[in-house]
>>> print(open('run-v8.csv').read())   # CSV, C-alpha atoms
chain,number,residue,atom,x,y,z
A,1,MET,CA,0.0,0.0,0.0
A,2,PRO,CA,1.4,3.4,-0.9
A,3,GLU,CA,2.3,5.4,2.2
A,4,SER,CA,0.1,8.3,1.2
A,5,HIS,CA,-2.9,6.0,1.8
A,6,ARG,CA,-1.7,4.9,5.2
A,7,GLU,CA,-4.6,4.2,7.6
A,8,PRO,CA,-5.1,6.7,10.4
A,9,PRO,CA,-5.7,5.4,13.9
A,10,PRO,CA,-9.3,4.1,14.0
A,11,ASN,CA,-10.6,6.9,16.3
A,12,LEU,CA,-9.0,9.7,14.4
A,13,ALA,CA,-11.8,11.5,12.6
A,14,ALA,CA,-11.0,15.2,12.3
A,15,GLU,CA,-13.5,17.7,13.4
A,16,ALA,CA,-13.2,21.2,12.0
A,17,THR,CA,-14.3,24.2,14.0
A,18,ARG,CA,-14.0,27.9,13.1
A,19,SER,CA,-11.7,29.3,15.7
A,20,GLY,CA,-12.3,32.6,17.4
A,21,ALA,CA,-8.8,32.5,18.7
A,22,ALA,CA,-7.4,33.9,15.5
A,23,LEU,CA,-6.5,37.3,16.9
A,24,ARG,CA,-4.9,38.3,13.6
A,25,ALA,CA,-8.2,39.0,11.8
A,26,LYS,CA,-7.6,35.9,9.8
A,27,LEU,CA,-10.0,33.2,9.0
A,28,ALA,CA,-8.8,30.1,10.9
A,29,GLN,CA,-10.0,26.6,11.0
A,30,GLN,CA,-8.9,24.3,13.8
A,31,LEU,CA,-8.8,20.6,13.4
A,32,GLU,CA,-9.4,18.6,16.5
A,33,ALA,CA,-9.4,14.9,17.2
A,34,PRO,CA,-12.6,13.5,18.7
A,35,ASP,CA,-11.1,13.8,22.2
A,36,GLY,CA,-10.7,17.6,21.6
A,37,ARG,CA,-7.0,17.4,21.1
A,38,PRO,CA,-5.9,20.0,18.6
A,39,LEU,CA,-4.3,18.4,15.5
A,40,ALA,CA,-3.6,21.4,13.4
A,41,MET,CA,-4.9,24.8,12.3
A,42,ALA,CA,-5.4,26.3,8.9
A,43,ILE,CA,-4.9,30.1,8.8
A,44,GLU,CA,-4.8,32.6,6.1
A,45,ASP,CA,-1.2,33.0,4.8
A,46,SER,CA,-0.9,36.7,5.0
A,47,ILE,CA,-2.4,39.3,7.3
A,48,VAL,CA,-1.5,42.0,4.8
A,49,LEU,CA,-3.3,40.3,1.9
A,50,SER,CA,-6.2,39.5,4.3
A,51,LEU,CA,-6.6,43.2,5.2
A,52,LEU,CA,-6.3,44.2,1.5
A,53,ARG,CA,-8.9,41.7,0.5
A,54,ARG,CA,-11.3,43.2,3.0
A,55,VAL,CA,-10.7,46.6,1.6
A,56,LEU,CA,-10.3,46.0,-2.1
A,57,GLY,CA,-12.3,42.8,-2.7
A,58,THR,CA,-10.6,40.3,-5.0
A,59,LEU,CA,-8.9,43.0,-7.1
A,60,PHE,CA,-9.5,41.2,-10.5
A,61,GLY,CA,-8.8,37.8,-8.9
A,62,VAL,CA,-5.3,38.7,-7.8
A,63,LEU,CA,-6.3,38.7,-4.1
A,64,ARG,CA,-7.0,35.0,-3.3
A,65,THR,CA,-7.3,33.3,0.0
A,66,ASN,CA,-4.5,30.9,0.6
A,67,PHE,CA,-3.9,28.9,3.7
A,68,LEU,CA,-1.1,27.8,5.9
A,69,LEU,CA,-1.4,24.6,7.9
A,70,VAL,CA,0.2,25.0,11.3
A,71,ARG,CA,0.5,22.8,14.4
A,72,GLY,CA,1.9,22.9,17.9
A,73,GLU,CA,2.5,25.7,20.4
A,74,ASP,CA,4.9,27.5,18.1
A,75,ALA,CA,2.6,27.3,15.0
A,76,GLU,CA,5.1,25.3,13.0
A,77,VAL,CA,4.1,25.5,9.3
A,78,PHE,CA,3.9,22.0,7.8
A,79,GLY,CA,1.8,22.7,4.7
A,80,GLU,CA,0.0,25.0,2.5
A,81,PHE,CA,-3.3,25.0,0.6
A,82,ASN,CA,-3.2,27.5,-2.3
A,83,ARG,CA,-5.4,28.5,-5.1
A,84,LYS,CA,-3.4,29.3,-8.2
A,85,PHE,CA,-4.0,32.4,-10.4
A,86,THR,CA,-5.1,30.4,-13.5
A,87,LEU,CA,-7.9,30.6,-16.0
A,88,LEU,CA,-9.1,27.2,-14.9
A,89,ASP,CA,-9.3,26.7,-11.1
A,90,ARG,CA,-6.2,25.0,-9.9
A,91,TYR,CA,-5.5,24.1,-6.2
A,92,VAL,CA,-2.3,22.9,-4.7
A,93,LEU,CA,-2.1,21.1,-1.4
A,94,ASP,CA,1.6,21.2,-0.5
A,95,LEU,CA,2.7,19.1,2.5
A,96,SER,CA,6.3,18.9,1.5
A,97,ALA,CA,7.2,20.5,4.9
A,98,ASP,CA,5.8,17.3,6.6
A,99,PRO,CA,8.1,14.7,5.1
A,100,ALA,CA,7.6,12.3,7.9
A,101,ARG,CA,3.9,12.3,7.0
A,102,ILE,CA,2.8,12.9,10.5
A,103,PHE,CA,-0.4,14.6,9.3
A,104,ASP,CA,-2.8,12.2,7.6
A,105,ARG,CA,-3.1,13.1,3.9
A,106,ARG,CA,-6.7,12.2,3.7
A,107,ILE,CA,-7.6,14.7,6.4
A,108,ALA,CA,-5.5,17.3,4.6
A,109,LEU,CA,-7.5,16.7,1.4
A,110,ALA,CA,-10.8,16.9,3.3
A,111,LEU,CA,-9.6,20.1,4.9
A,112,GLY,CA,-8.8,21.6,1.5
A,113,VAL,CA,-12.3,20.8,0.2
A,114,MET,CA,-13.8,22.3,3.4
A,115,LEU,CA,-11.7,25.5,3.2
A,116,ASP,CA,-12.6,26.0,-0.4
A,117,THR,CA,-16.3,25.5,0.4
A,118,GLY,CA,-16.0,27.9,3.3
A,119,GLU,CA,-14.6,30.5,0.8
A,120,ARG,CA,-17.7,29.9,-1.4
A,121,ARG,CA,-15.6,29.2,-4.4
B,122,MET,CA,6.3,-3.8,-11.2
B,123,GLU,CA,7.7,-0.7,-9.5
B,124,THR,CA,9.6,1.8,-11.6
B,125,ALA,CA,12.4,3.8,-10.2
B,126,GLU,CA,11.5,7.4,-9.3
B,127,GLN,CA,13.2,10.2,-11.1
B,128,PRO,CA,15.7,12.1,-9.0
B,129,LEU,CA,14.3,15.4,-7.7
B,130,ARG,CA,16.1,18.5,-8.6
B,131,ILE,CA,16.6,20.9,-5.7
B,132,THR,CA,15.6,24.5,-6.6
B,133,PRO,CA,16.2,27.6,-4.5
B,134,ASP,CA,12.5,27.8,-3.7
B,135,MET,CA,12.7,24.5,-1.9
B,136,LEU,CA,15.2,25.9,0.6
B,137,LEU,CA,12.7,27.5,2.8
B,138,SER,CA,15.0,27.8,5.7
B,139,ARG,CA,17.1,30.4,3.9
B,140,ARG,CA,14.2,32.7,3.4
B,141,LEU,CA,12.6,35.1,5.7
B,142,ASP,CA,8.9,34.9,6.6
B,143,PHE,CA,8.3,38.7,6.4
B,144,GLU,CA,5.1,38.8,8.3
B,145,ARG,CA,6.4,36.7,11.2
B,146,ARG,CA,6.6,39.0,14.3
B,147,MET,CA,5.1,41.9,12.3
B,148,ARG,CA,3.3,44.1,14.8
B,149,ARG,CA,-0.5,44.5,14.3
B,150,VAL,CA,-0.2,47.7,16.2
B,151,PRO,CA,2.5,49.8,14.5
B,152,PRO,CA,3.1,52.7,16.9
B,153,VAL,CA,4.4,55.4,14.5
B,154,THR,CA,1.7,54.6,11.9
B,155,LEU,CA,-1.0,54.8,14.5
B,156,ALA,CA,0.4,58.0,15.9
B,157,ILE,CA,0.3,59.6,12.4
B,158,ILE,CA,-3.3,58.4,11.9
B,159,GLY,CA,-4.1,59.9,15.3
B,160,VAL,CA,-2.6,63.2,14.2
B,161,LEU,CA,-4.5,63.2,11.0
B,162,VAL,CA,-7.8,62.6,12.9
B,163,VAL,CA,-7.1,65.4,15.4
B,164,ILE,CA,-6.2,67.8,12.6
B,165,PHE,CA,-9.3,66.8,10.6
B,166,VAL,CA,-11.5,67.5,13.7
B,167,ALA,CA,-9.9,70.9,14.0
B,168,GLU,CA,-10.4,71.6,10.3
B,169,ALA,CA,-14.1,70.6,10.5
B,170,SER,CA,-14.8,72.6,13.7
B,171,ARG,CA,-13.3,75.7,12.2
B,172,GLY,CA,-15.4,75.4,9.0
B,173,ALA,CA,-12.4,74.8,6.8
B,174,LEU,CA,-14.4,72.3,4.7
B,175,ALA,CA,-17.2,74.7,3.9
B,176,SER,CA,-15.4,76.7,1.1
B,177,ARG,CA,-12.3,76.9,-1.1
B,178,ALA,CA,-11.1,79.9,0.9
B,179,GLY,CA,-11.5,77.9,4.1
B,180,ILE,CA,-9.4,75.0,3.0
B,181,VAL,CA,-6.8,77.3,1.6
B,182,ALA,CA,-6.6,79.2,4.9
B,183,ALA,CA,-6.3,75.9,6.7
B,184,GLY,CA,-3.1,75.1,4.9
B,185,ALA,CA,-3.9,73.5,1.6
B,186,LEU,CA,-1.4,73.3,-1.2
B,187,VAL,CA,-1.8,76.2,-3.6
B,188,ARG,CA,0.8,76.9,-6.3
B,189,GLU,CA,0.6,80.7,-6.1
B,190,ARG,CA,0.8,80.7,-2.3
B,191,VAL,CA,3.9,78.4,-2.3
B,192,ALA,CA,5.5,80.6,-5.0
B,193,ALA,CA,4.8,83.5,-2.6
B,194,GLY,CA,7.0,81.9,0.0
B,195,GLU,CA,4.6,79.8,2.0
B,196,TYR,CA,6.7,76.6,1.7
B,197,TRP,CA,5.3,75.2,4.8
B,198,ARG,CA,2.2,74.3,2.7
B,199,LEU,CA,4.2,71.5,1.2
B,200,LEU,CA,3.8,69.6,4.4
B,201,SER,CA,0.8,71.1,6.0
B,202,ALA,CA,-1.4,70.1,3.1
B,203,THR,CA,-0.5,66.4,3.6
B,204,PHE,CA,-2.0,66.5,7.1
B,205,LEU,CA,-5.4,67.9,5.9
B,206,HIS,CA,-8.3,66.1,4.4
B,207,GLY,CA,-11.3,67.1,2.3
B,208,GLY,CA,-13.9,64.9,4.0
B,209,VAL,CA,-14.6,62.0,6.3
B,210,ASP,CA,-14.5,59.4,3.4
B,211,HIS,CA,-11.2,60.9,2.3
B,212,LEU,CA,-9.7,60.6,5.8
B,213,VAL,CA,-11.1,57.1,6.4
B,214,GLY,CA,-9.8,55.8,3.1
B,215,ASN,CA,-6.4,57.2,3.6
B,216,ALA,CA,-6.3,56.0,7.2
B,217,ILE,CA,-7.0,52.4,6.2
B,218,ALA,CA,-4.4,52.5,3.5
B,219,LEU,CA,-1.9,54.1,5.8
B,220,TYR,CA,-2.5,51.5,8.4
B,221,ILE,CA,-1.9,48.6,6.1
B,222,LEU,CA,1.1,50.1,4.3
B,223,GLY,CA,2.5,51.6,7.5
B,224,MET,CA,2.4,48.2,9.1
B,225,ILE,CA,4.5,46.8,6.3
B,226,CYS,CA,7.0,49.7,6.0
B,227,GLU,CA,7.4,50.2,9.8
B,228,HIS,CA,8.1,46.5,10.2
B,229,ALA,CA,10.5,46.5,7.3
B,230,LEU,CA,12.4,49.6,8.0
B,231,GLY,CA,12.1,50.4,11.6
B,232,ARG,CA,10.6,53.6,13.1
B,233,GLY,CA,13.3,56.1,12.2
B,234,GLN,CA,13.6,55.2,8.6
B,235,PHE,CA,9.9,54.9,8.4
B,236,VAL,CA,9.4,58.5,9.5
B,237,LEU,CA,12.0,59.6,6.9
B,238,LEU,CA,10.3,57.7,4.2
B,239,TYR,CA,6.9,59.1,5.1
B,240,VAL,CA,8.0,62.7,5.2
B,241,ALA,CA,10.1,62.5,2.0
B,242,SER,CA,7.2,60.9,0.2
B,243,ALA,CA,4.8,63.6,1.4
B,244,LEU,CA,7.2,66.3,0.1
B,245,ALA,CA,7.7,64.5,-3.2
B,246,GLY,CA,4.0,64.2,-3.7
B,247,SER,CA,3.5,67.9,-2.9
B,248,LEU,CA,6.2,69.0,-5.3
B,249,VAL,CA,4.9,67.0,-8.2
B,250,SER,CA,1.4,68.2,-7.3
B,251,LEU,CA,2.6,71.8,-7.6
B,252,LEU,CA,3.9,71.0,-11.1
B,253,THR,CA,0.7,69.4,-12.3
B,254,SER,CA,-2.1,71.3,-10.6
B,255,PRO,CA,-2.6,74.9,-9.3
B,256,GLY,CA,-4.5,73.5,-6.3
B,257,PRO,CA,-5.9,73.7,-3.7
B,258,SER,CA,-5.0,70.2,-2.8
B,259,VAL,CA,-5.0,68.3,0.5
B,260,GLY,CA,-4.5,64.8,1.7
B,261,ALA,CA,-1.9,62.3,2.9
B,262,SER,CA,-2.2,60.1,-0.2
B,263,GLY,CA,1.2,61.3,-1.6
B,264,ALA,CA,2.9,60.0,1.5
B,265,ILE,CA,0.9,56.8,1.4
B,266,PHE,CA,1.8,56.2,-2.2
B,267,GLY,CA,5.4,56.6,-1.1
B,268,LEU,CA,5.0,53.8,1.4
B,269,GLN,CA,3.4,51.7,-1.3
B,270,GLY,CA,6.2,52.4,-3.7
B,271,ALA,CA,8.8,51.6,-1.0
B,272,ALA,CA,7.0,48.3,-0.1
B,273,ILE,CA,7.0,47.3,-3.8
B,274,VAL,CA,10.7,48.1,-4.0
B,275,LEU,CA,11.4,46.1,-0.9
B,276,PHE,CA,9.5,43.0,-2.0
B,277,ARG,CA,11.1,43.2,-5.4
B,278,THR,CA,14.7,43.8,-4.4
B,279,GLN,CA,14.6,41.3,-1.6
B,280,ARG,CA,12.6,38.7,-3.4
B,281,ASP,CA,15.4,36.1,-3.1
B,282,ARG,CA,15.3,36.4,0.7
B,283,LEU,CA,11.6,36.4,1.2
B,284,LEU,CA,9.0,33.6,1.0
B,285,LEU,CA,6.9,33.3,-2.1
B,286,ARG,CA,3.8,34.4,-0.3
B,287,ASP,CA,5.5,37.6,0.8
B,288,ARG,CA,6.5,38.3,-2.7
B,289,ARG,CA,2.9,38.0,-3.7
B,290,VAL,CA,2.2,41.0,-1.4
B,291,GLY,CA,4.5,43.2,-3.5
B,292,PHE,CA,2.7,42.1,-6.7
B,293,VAL,CA,-0.7,42.9,-5.2
B,294,LEU,CA,0.5,46.3,-4.1
B,295,LEU,CA,1.8,47.1,-7.6
B,296,ILE,CA,-1.6,46.2,-9.1
B,297,TRP,CA,-3.4,48.3,-6.5
B,298,ALA,CA,-1.1,51.3,-7.2
B,299,ILE,CA,-1.7,51.0,-11.0
B,300,TYR,CA,-5.4,50.6,-10.4
B,301,THR,CA,-5.6,53.7,-8.1
B,302,ILE,CA,-3.6,55.9,-10.4
B,303,ALA,CA,-5.6,54.8,-13.4
B,304,GLY,CA,-8.8,55.6,-11.5
B,305,GLY,CA,-7.4,59.0,-10.6
B,306,LEU,CA,-7.0,59.8,-14.3
B,307,LEU,CA,-10.8,59.6,-14.7
B,308,THR,CA,-11.7,62.4,-12.4
B,309,PRO,CA,-10.3,65.9,-12.0
B,310,LEU,CA,-11.1,65.9,-8.3
B,311,ILE,CA,-8.2,63.5,-7.6
B,312,ASP,CA,-4.7,65.0,-7.4
B,313,ASN,CA,-2.9,62.3,-9.3
B,314,GLY,CA,0.3,64.4,-9.4
B,315,ALA,CA,0.6,63.9,-5.6
B,316,HIS,CA,0.0,60.2,-6.1
B,317,VAL,CA,2.6,59.8,-8.8
B,318,GLY,CA,5.1,62.1,-7.0
B,319,GLY,CA,4.7,60.3,-3.7
B,320,ALA,CA,5.1,56.9,-5.3
B,321,LEU,CA,8.3,58.1,-7.2
B,322,GLY,CA,9.7,59.7,-4.1
B,323,GLY,CA,9.0,56.6,-1.9
B,324,THR,CA,10.5,54.3,-4.6
B,325,LEU,CA,13.7,56.4,-4.8
B,326,VAL,CA,14.1,56.9,-1.0
B,327,ALA,CA,13.5,53.2,-0.4
B,328,ARG,CA,16.5,52.3,-2.4
B,329,ARG,CA,18.6,54.2,0.1
B,330,LEU,CA,17.1,52.7,3.2
B,331,HIS,CA,18.1,49.5,4.9
B,332,PRO,CA,15.5,46.8,5.6
B,333,VAL,CA,16.0,46.1,9.3
B,334,VAL,CA,13.7,43.2,9.1
B,335,LEU,CA,16.5,41.4,7.3
B,336,ALA,CA,19.6,42.6,9.2
B,337,PRO,CA,20.2,45.3,11.9
B,338,LEU,CA,20.9,48.8,10.8
B,339,PRO,CA,24.7,49.4,10.5
B,340,ALA,CA,25.9,52.0,13.0
B,341,GLU,CA,27.0,54.5,10.4
B,342,GLN,CA,23.6,54.4,8.7
B,343,ALA,CA,21.9,54.6,12.0
B,344,ALA,CA,23.8,57.8,12.8
B,345,ARG,CA,22.8,59.2,9.4
B,346,VAL,CA,19.1,58.4,10.0
B,347,ARG,CA,19.3,60.2,13.4
B,348,ARG,CA,20.8,63.3,11.7
B,349,LEU,CA,18.0,63.3,9.0
B,350,LEU,CA,15.4,62.9,11.7
B,351,TRP,CA,16.6,66.2,13.2
B,352,LEU,CA,16.1,67.7,9.8
B,353,VAL,CA,12.6,66.3,9.7
B,354,ALA,CA,11.9,67.7,13.1
B,355,ALA,CA,13.1,71.1,12.0
B,356,MET,CA,10.8,71.0,8.9
B,357,LEU,CA,7.9,70.1,11.1
B,358,VAL,CA,8.6,73.0,13.4
B,359,TYR,CA,8.8,75.3,10.4
B,360,THR,CA,5.5,73.9,9.1
B,361,VAL,CA,3.7,74.4,12.4
B,362,TRP,CA,5.2,77.9,12.7
B,363,GLY,CA,4.0,78.8,9.3
B,364,TRP,CA,0.6,77.2,9.9
B,365,MET,CA,0.0,79.0,13.1
B,366,GLY,CA,1.1,82.3,11.6
B,367,SER,CA,-1.1,82.1,8.6
>>> encode(input="run-v8.csv", output="structure tokens")
Amino acid sequence: MPESHREPPPNLAAEATRSGAALRAKLAQQLEAPDGRPLAMAIEDSIVLSLLRRVLGTLFGVLRTNFLLVRGEDAEVFGEFNRKFTLLDRYVLDLSADPARIFDRRIALALGVMLDTGERR
Amino acid sequence: METAEQPLRITPDMLLSRRLDFERRMRRVPPVTLAIIGVLVVIFVAEASRGALASRAGIVAAGALVRERVAAGEYWRLLSATFLHGGVDHLVGNAIALYILGMICEHALGRGQFVLLYVASALAGSLVSLLTSPGPSVGASGAIFGLQGAAIVLFRTQRDRLLLRDRRVGFVLLIWAIYTIAGGLLTPLIDNGAHVGGALGGTLVARRLHPVVLAPLPAEQAARVRRLLWLVAAMLVYTVWGWMGS
């Protein structure tokens, strides 16, 4: 079996909650295990772009919402979920900063779909 | 049957650790920027309470930029006009832009260099405005365009040391600047000369400044910044003196 399809622990079903703890005016989604243990958080990648988007709108599509995936106390960045500036929608889920594959790829994919849905794209 | 994977070529973009995350540790409460916004608000309240917004004569008396008055020796108007605004929406729009761009530039350059950049951009905006329009003209947008130009220069010149997502900020700021200047061409009420002048001034000044976000300011340059800040202080005193005496 390819490692990217590795089974998660049986009780590991991610639950996403919009977090009010994002003090940086950023949209944030926190992933929690069923026992409430935080797994990771998806936050907008740039406070500057976030503020500009609130003021300018999408600015001809140049201002897009991209996300960083962070975990731990020091908010270690272990992945990104980005929408590319292309005619046909193209999304890139980049988990190359998690080479040990600590974060389950299936949850990352589901998170990407959820983030995109949350952005009403 | 498994096939051998192709070797992966390492590109500079993969070496994230060598690059700086510009926004990491960037203050959401930039003190100098907020102080300037506070000054703009206080001056606007004073403007409105004295009826300066009611007529052309009122705004000129309040310190607006007018070519013939500057030619007559009222050079303090080059700076005083950049602290005035023509209405609430004008003030709020400029304050929001100043907050965002000030947050970037104050983080990138430090407080001293940021003040130099702001004042130099304001002066450059006023000078080009004088060349392109007889006035009266008011607003901080020349200085704000200077900050925008400086930020674009920073993200461009330091692109090899910043993360890709930070470089995107520079691209967005460039599109925003072009969009705003193009919009300014469509209406005579907008002083595009101040916008273009401020942007040019900020762009030129930024090339002489040292991004402290990447490395500490060298002692020699820090001393030069302190000397120039004294010059800025003297200019502000002269502006206030002219303002009060008008």
>>> atom_distance(input="run-v8.csv", atom1="CA of Ile265 (chain B)", atom2="CA of Val333 (chain B)")
20.1 Å
>>> interface_residues(input="run-v8.csv", of="chain A", to="chain B", cutoff="9 Å", atoms="only C-alpha atoms", output="PyMOL selection string")
chain A and resi 24+45-49+51-52+55-56+59+62-63
>>> closest_residue(input="run-v8.csv", among="A:Leu39, A:Leu109, A:Gly61, A:Arg101", to="Leu87 (chain A)", atoms="all atoms listed in the file")
A:Gly61
>>> residues_around(input="run-v8.csv", residues="Val77 (chain A)", least_positions_apart="5", cutoff="10 Å", atoms="only C-alpha atoms", output="compact mmCIF listing (two decimals) with C-alpha atoms, in the frame of the given file")
# COMPACT_ATOMS: atom_id res chain seq x y z
CA ALA A 40 -3.60 21.40 13.40
CA MET A 41 -4.90 24.80 12.30
CA ALA A 42 -5.40 26.30 8.90
CA LEU A 68 -1.10 27.80 5.90
CA LEU A 69 -1.40 24.60 7.90
CA VAL A 70 0.20 25.00 11.30
CA ARG A 71 0.50 22.80 14.40
CA GLY A 72 1.90 22.90 17.90
CA LEU A 95 2.70 19.10 2.50
CA ALA A 97 7.20 20.50 4.90
CA ASP A 98 5.80 17.30 6.60
>>> residues_around(input="run-v8.csv", residues="Thr301 (chain B)", least_positions_apart="6", cutoff="10 Å", atoms="all atoms listed in the file", output="list of chain:residue names")
B:Phe266, B:Leu295, B:Asn313, B:His316
>>> closest_residue(input="run-v8.csv", among="B:Gly207, B:Pro128, B:Pro257, B:Pro151", to="Ala185 (chain B)", atoms="only C-alpha atoms")
B:Pro257
>>> atom_distance(input="run-v8.csv", atom1="CA of Val249 (chain B)", atom2="CA of Ala320 (chain B)")
10.5 Å
>>> residues_around(input="run-v8.csv", residues="Phe67 (chain A)", least_positions_apart="3", cutoff="7 Å", atoms="only C-alpha atoms", output="PyMOL selection string")
chain A and resi 42-45+80-82
>>> closest_residue(input="run-v8.csv", among="B:Leu219, B:Ala340, B:Val259, B:Leu275", to="Ile157 (chain B)", atoms="all atoms listed in the file")
B:Leu219
>>> atom_distance(input="run-v8.csv", atom1="CA of Val334 (chain B)", atom2="CA of Gly267 (chain B)")
18.8 Å
>>> residues_around(input="run-v8.csv", residues="Gly256 (chain B)", least_positions_apart="6", cutoff="9 Å", atoms="all atoms listed in the file", output="CSV table (one decimal) with C-alpha atoms, keeping the file's coordinate frame")
chain,number,residue,atom,x,y,z
B,185,ALA,CA,-3.9,73.5,1.6
B,186,LEU,CA,-1.4,73.3,-1.2
B,187,VAL,CA,-1.8,76.2,-3.6
B,188,ARG,CA,0.8,76.9,-6.3
B,189,GLU,CA,0.6,80.7,-6.1
B,250,SER,CA,1.4,68.2,-7.3
B,312,ASP,CA,-4.7,65.0,-7.4
>>> residues_near_point(input="run-v8.csv", point="(-12.1, 72.3, 0.6)", cutoff="12 Å", atoms="all atoms listed in the file", output="PyMOL selection string")
chain B and resi 165+168-169+172-187+202+205-208+211+256-260+310
>>> build_atoms(input="run-v8.csv", residues="region 51-62 of chain A", atoms="N, CA and C atoms", output="tab-separated table (two decimals), in the frame of the given file")
chain	number	residue	atom	x	y	z
A	51	LEU	N	-6.08	41.80	4.98
A	51	LEU	CA	-6.60	43.20	5.20
A	51	LEU	C	-6.95	43.79	3.81
A	52	LEU	N	-6.04	43.63	2.86
A	52	LEU	CA	-6.30	44.20	1.50
A	52	LEU	C	-7.52	43.64	0.89
A	53	ARG	N	-7.74	42.36	1.07
A	53	ARG	CA	-8.90	41.70	0.50
A	53	ARG	C	-10.20	42.29	1.07
A	54	ARG	N	-10.14	42.59	2.37
A	54	ARG	CA	-11.30	43.20	3.00
A	54	ARG	C	-11.61	44.58	2.50
A	55	VAL	N	-10.56	45.27	2.08
A	55	VAL	CA	-10.70	46.60	1.60
A	55	VAL	C	-10.99	46.68	0.10
A	56	LEU	N	-10.25	45.88	-0.65
A	56	LEU	CA	-10.30	46.00	-2.10
A	56	LEU	C	-11.12	44.92	-2.80
A	57	GLY	N	-11.60	43.93	-2.05
A	57	GLY	CA	-12.30	42.80	-2.70
A	57	GLY	C	-11.22	41.90	-3.32
A	58	THR	N	-11.56	41.27	-4.44
A	58	THR	CA	-10.60	40.30	-5.00
A	58	THR	C	-9.59	40.95	-5.92
A	59	LEU	N	-9.79	42.24	-6.28
A	59	LEU	CA	-8.90	43.00	-7.10
A	59	LEU	C	-8.54	42.17	-8.41
A	60	PHE	N	-9.59	41.93	-9.19
A	60	PHE	CA	-9.50	41.20	-10.50
A	60	PHE	C	-8.96	39.77	-10.26
A	61	GLY	N	-9.21	39.21	-9.12
A	61	GLY	CA	-8.80	37.80	-8.90
A	61	GLY	C	-7.39	37.67	-8.36
A	62	VAL	N	-6.69	38.79	-8.25
A	62	VAL	CA	-5.30	38.70	-7.80
A	62	VAL	C	-5.25	38.38	-6.29
